[in-house]
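One structure is given below, encoded as structure tokens.
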Amino acid sequence: MIMSVAHASVDESEQRHVFGAWSDLIVGSRPEGLVDCYLLETDGIVQVTAIWASVDDHDRAIHEEANHPAYAVFQASGADPTHSVVTVVGRLG
């Protein structure tokens, strides 16, 4: 598994667009290989953290399908997020 993390500073006035886009994602179809996804916010920083079954699933969502959850969320506010991908080495659950 891998985890992708995208985050950006989002003005309070634009956060409602972000949260609206997130609501649309909840009722829509999920990209193949998306295990779980979280929308987080603290002090004006909005973060989308997604768990993917594989790096191939993640890359396909970005490049082929263009339906990575972070894209929809940050496009709604016009924010330009920082994005990183890490390998999940362990998990408590």
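Naming scheme: A, B, ... for chains in displayed order of the structure tokens; residues 1 onward per chain; ligands 1 onward as shown.
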
Neighbours of A:Asp56 within 10 Å (only C-alpha atoms; same-chain residues fewer than 5 positions away dropped), as a list of chain:residue names?
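Everything that qualifies: A:Ile2, A:Glu32, A:Gly33, A:Ala61, A:Ile62.
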
Go ahead and dump the residues you just picked, N, CA, C and O atoms, as an mmCIF file, in the first residue's frame.
```
data_model
loop_
_atom_site.group_PDB
_atom_site.id
_atom_site.type_symbol
_atom_site.label_atom_id
_atom_site.label_comp_id
_atom_site.auth_asym_id
_atom_site.auth_seq_id
_atom_site.Cartn_x
_atom_site.Cartn_y
_atom_site.Cartn_z
ATOM 1 N N ILE A 2 0.303 2.310 -0.508
ATOM 2 C CA ILE A 2 0.977 3.601 -0.443
ATOM 3 C C ILE A 2 -0.012 4.639 0.083
ATOM 4 O O ILE A 2 -1.228 4.431 0.057
ATOM 5 N N GLU A 32 -10.212 3.077 -9.142
ATOM 6 C CA GLU A 32 -9.765 1.720 -8.840
ATOM 7 C C GLU A 32 -8.537 1.763 -7.937
ATOM 8 O O GLU A 32 -7.605 2.537 -8.165
ATOM 9 N N GLY A 33 -8.552 0.955 -6.897
ATOM 10 C CA GLY A 33 -7.412 0.848 -5.996
ATOM 11 C C GLY A 33 -7.410 1.825 -4.840
ATOM 12 O O GLY A 33 -6.531 1.759 -3.988
ATOM 13 N N ALA A 61 -4.792 6.816 -11.454
ATOM 14 C CA ALA A 61 -5.785 7.832 -11.073
ATOM 15 C C ALA A 61 -5.307 9.228 -11.440
ATOM 16 O O ALA A 61 -6.110 10.094 -11.786
ATOM 17 N N ILE A 62 -4.019 9.450 -11.381
ATOM 18 C CA ILE A 62 -3.469 10.762 -11.726
ATOM 19 C C ILE A 62 -3.352 10.945 -13.233
ATOM 20 O O ILE A 62 -3.827 11.928 -13.781
#
```

As a VMD selection string, please: every residue in chain A that a backbone DSSP assignment puts in alpha helix (DSSP H).
chain A and resid 12 to 27 55 to 63 69 to 77

Once you have the residues from the selection above, write them out as a tab-separated table (two decimals), in the first residue's frame, restricted to N, CA, C and O atoms.
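Produced file selection29.tsv, reproduced below:
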```
chain	number	residue	atom	x	y	z
A	12	GLU	N	-10.24	30.93	4.05
A	12	GLU	CA	-11.50	30.53	4.68
A	12	GLU	C	-12.69	30.70	3.74
A	12	GLU	O	-13.58	29.87	3.69
A	13	SER	N	-12.66	31.75	2.92
A	13	SER	CA	-13.76	31.99	1.99
A	13	SER	C	-13.83	30.93	0.89
A	13	SER	O	-14.89	30.70	0.32
A	14	GLU	N	-12.71	30.27	0.60
A	14	GLU	CA	-12.67	29.23	-0.44
A	14	GLU	C	-12.90	27.83	0.12
A	14	GLU	O	-13.15	26.89	-0.64
A	15	GLN	N	-12.83	27.68	1.43
A	15	GLN	CA	-12.98	26.36	2.02
A	15	GLN	C	-14.35	25.75	1.74
A	15	GLN	O	-14.47	24.54	1.57
A	16	ARG	N	-15.38	26.56	1.62
A	16	ARG	CA	-16.71	26.01	1.34
A	16	ARG	C	-16.73	25.33	-0.03
A	16	ARG	O	-17.41	24.33	-0.22
A	17	HIS	N	-15.95	25.83	-0.99
A	17	HIS	CA	-15.85	25.19	-2.30
A	17	HIS	C	-15.15	23.83	-2.17
A	17	HIS	O	-15.54	22.86	-2.81
A	18	VAL	N	-14.11	23.79	-1.35
A	18	VAL	CA	-13.38	22.55	-1.10
A	18	VAL	C	-14.32	21.52	-0.48
A	18	VAL	O	-14.39	20.37	-0.92
A	19	PHE	N	-15.04	21.93	0.55
A	19	PHE	CA	-15.91	20.99	1.25
A	19	PHE	C	-17.07	20.55	0.36
A	19	PHE	O	-17.53	19.41	0.43
A	20	GLY	N	-17.54	21.41	-0.52
A	20	GLY	CA	-18.57	21.05	-1.48
A	20	GLY	C	-18.06	20.03	-2.48
A	20	GLY	O	-18.76	19.06	-2.82
A	21	ALA	N	-16.83	20.22	-2.95
A	21	ALA	CA	-16.23	19.26	-3.89
A	21	ALA	C	-16.05	17.90	-3.20
A	21	ALA	O	-16.27	16.86	-3.81
A	22	TRP	N	-15.68	17.93	-1.93
A	22	TRP	CA	-15.54	16.68	-1.17
A	22	TRP	C	-16.88	15.96	-1.08
A	22	TRP	O	-16.95	14.74	-1.27
A	23	SER	N	-17.94	16.69	-0.82
A	23	SER	CA	-19.28	16.09	-0.75
A	23	SER	C	-19.64	15.41	-2.06
A	23	SER	O	-20.25	14.33	-2.07
A	24	ASP	N	-19.26	16.01	-3.17
A	24	ASP	CA	-19.52	15.41	-4.48
A	24	ASP	C	-18.74	14.10	-4.65
A	24	ASP	O	-19.24	13.15	-5.25
A	25	LEU	N	-17.53	14.06	-4.11
A	25	LEU	CA	-16.71	12.85	-4.21
A	25	LEU	C	-17.32	11.69	-3.43
A	25	LEU	O	-17.23	10.53	-3.85
A	26	ILE	N	-17.91	12.00	-2.31
A	26	ILE	CA	-18.47	10.96	-1.44
A	26	ILE	C	-19.54	10.16	-2.16
A	26	ILE	O	-19.64	8.95	-2.01
A	27	VAL	N	-20.36	10.83	-2.97
A	27	VAL	CA	-21.46	10.14	-3.64
A	27	VAL	C	-21.06	9.62	-5.03
A	27	VAL	O	-21.80	8.87	-5.64
A	55	VAL	N	1.05	1.62	-6.04
A	55	VAL	CA	1.51	2.83	-6.72
A	55	VAL	C	0.92	2.89	-8.13
A	55	VAL	O	0.64	3.96	-8.64
A	56	ASP	N	0.72	1.74	-8.75
A	56	ASP	CA	0.11	1.72	-10.09
A	56	ASP	C	-1.31	2.28	-10.05
A	56	ASP	O	-1.71	3.03	-10.95
A	57	ASP	N	-2.08	1.91	-9.03
A	57	ASP	CA	-3.44	2.45	-8.90
A	57	ASP	C	-3.41	3.96	-8.72
A	57	ASP	O	-4.19	4.69	-9.33
A	58	HIS	N	-2.49	4.43	-7.89
A	58	HIS	CA	-2.34	5.87	-7.66
A	58	HIS	C	-1.98	6.59	-8.96
A	58	HIS	O	-2.60	7.57	-9.34
A	59	ASP	N	-0.97	6.07	-9.65
A	59	ASP	CA	-0.51	6.72	-10.87
A	59	ASP	C	-1.58	6.71	-11.96
A	59	ASP	O	-1.73	7.68	-12.70
A	60	ARG	N	-2.35	5.63	-12.04
A	60	ARG	CA	-3.43	5.56	-13.02
A	60	ARG	C	-4.49	6.63	-12.72
A	60	ARG	O	-4.99	7.28	-13.62
A	61	ALA	N	-4.79	6.82	-11.45
A	61	ALA	CA	-5.78	7.83	-11.07
A	61	ALA	C	-5.31	9.23	-11.44
A	61	ALA	O	-6.11	10.09	-11.79
A	62	ILE	N	-4.02	9.45	-11.38
A	62	ILE	CA	-3.47	10.76	-11.73
A	62	ILE	C	-3.35	10.94	-13.23
A	62	ILE	O	-3.83	11.93	-13.78
A	63	HIS	N	-2.73	9.99	-13.90
A	63	HIS	CA	-2.36	10.17	-15.29
A	63	HIS	C	-3.41	9.74	-16.30
A	63	HIS	O	-3.69	10.46	-17.25
A	69	PRO	N	-8.71	12.04	-5.94
A	69	PRO	CA	-9.58	12.89	-5.11
A	69	PRO	C	-9.01	14.28	-4.82
A	69	PRO	O	-9.76	15.25	-4.76
A	70	ALA	N	-7.71	14.38	-4.69
A	70	ALA	CA	-7.11	15.69	-4.37
A	70	ALA	C	-7.33	16.69	-5.49
A	70	ALA	O	-7.50	17.88	-5.24
A	71	TYR	N	-7.33	16.23	-6.75
A	71	TYR	CA	-7.53	17.16	-7.85
A	71	TYR	C	-8.87	17.88	-7.76
A	71	TYR	O	-8.94	19.09	-7.87
A	72	ALA	N	-9.91	17.11	-7.57
A	72	ALA	CA	-11.26	17.71	-7.50
A	72	ALA	C	-11.36	18.68	-6.34
A	72	ALA	O	-11.92	19.77	-6.47
A	73	VAL	N	-10.81	18.31	-5.21
A	73	VAL	CA	-10.91	19.15	-4.02
A	73	VAL	C	-10.16	20.47	-4.21
A	73	VAL	O	-10.69	21.54	-3.94
A	74	PHE	N	-8.94	20.41	-4.69
A	74	PHE	CA	-8.16	21.63	-4.80
A	74	PHE	C	-8.51	22.46	-6.02
A	74	PHE	O	-8.36	23.68	-6.00
A	75	GLN	N	-9.00	21.85	-7.08
A	75	GLN	CA	-9.47	22.63	-8.22
A	75	GLN	C	-10.65	23.50	-7.83
A	75	GLN	O	-10.81	24.60	-8.35
A	76	ALA	N	-11.46	23.03	-6.91
A	76	ALA	CA	-12.64	23.79	-6.47
A	76	ALA	C	-12.26	25.11	-5.84
A	76	ALA	O	-13.02	26.07	-5.90
A	77	SER	N	-11.07	25.18	-5.24
A	77	SER	CA	-10.64	26.41	-4.59
A	77	SER	C	-9.57	27.15	-5.37
A	77	SER	O	-9.17	28.24	-4.98
```

Might you pull out every residue within 9 Å of A:Ser4, with only C-alpha atoms counted and same-chain residues fewer than 5 positions away left off, and present them as a ChimeraX atom specification?
/A:48-52,58,83-87

Mind the document's chain letters and residue numbers, and return as a ChimeraX atom specification the residues of chain A that DSSP labels strand (DSSP E or B).
/A:2-9,34-42,45-52,82-87
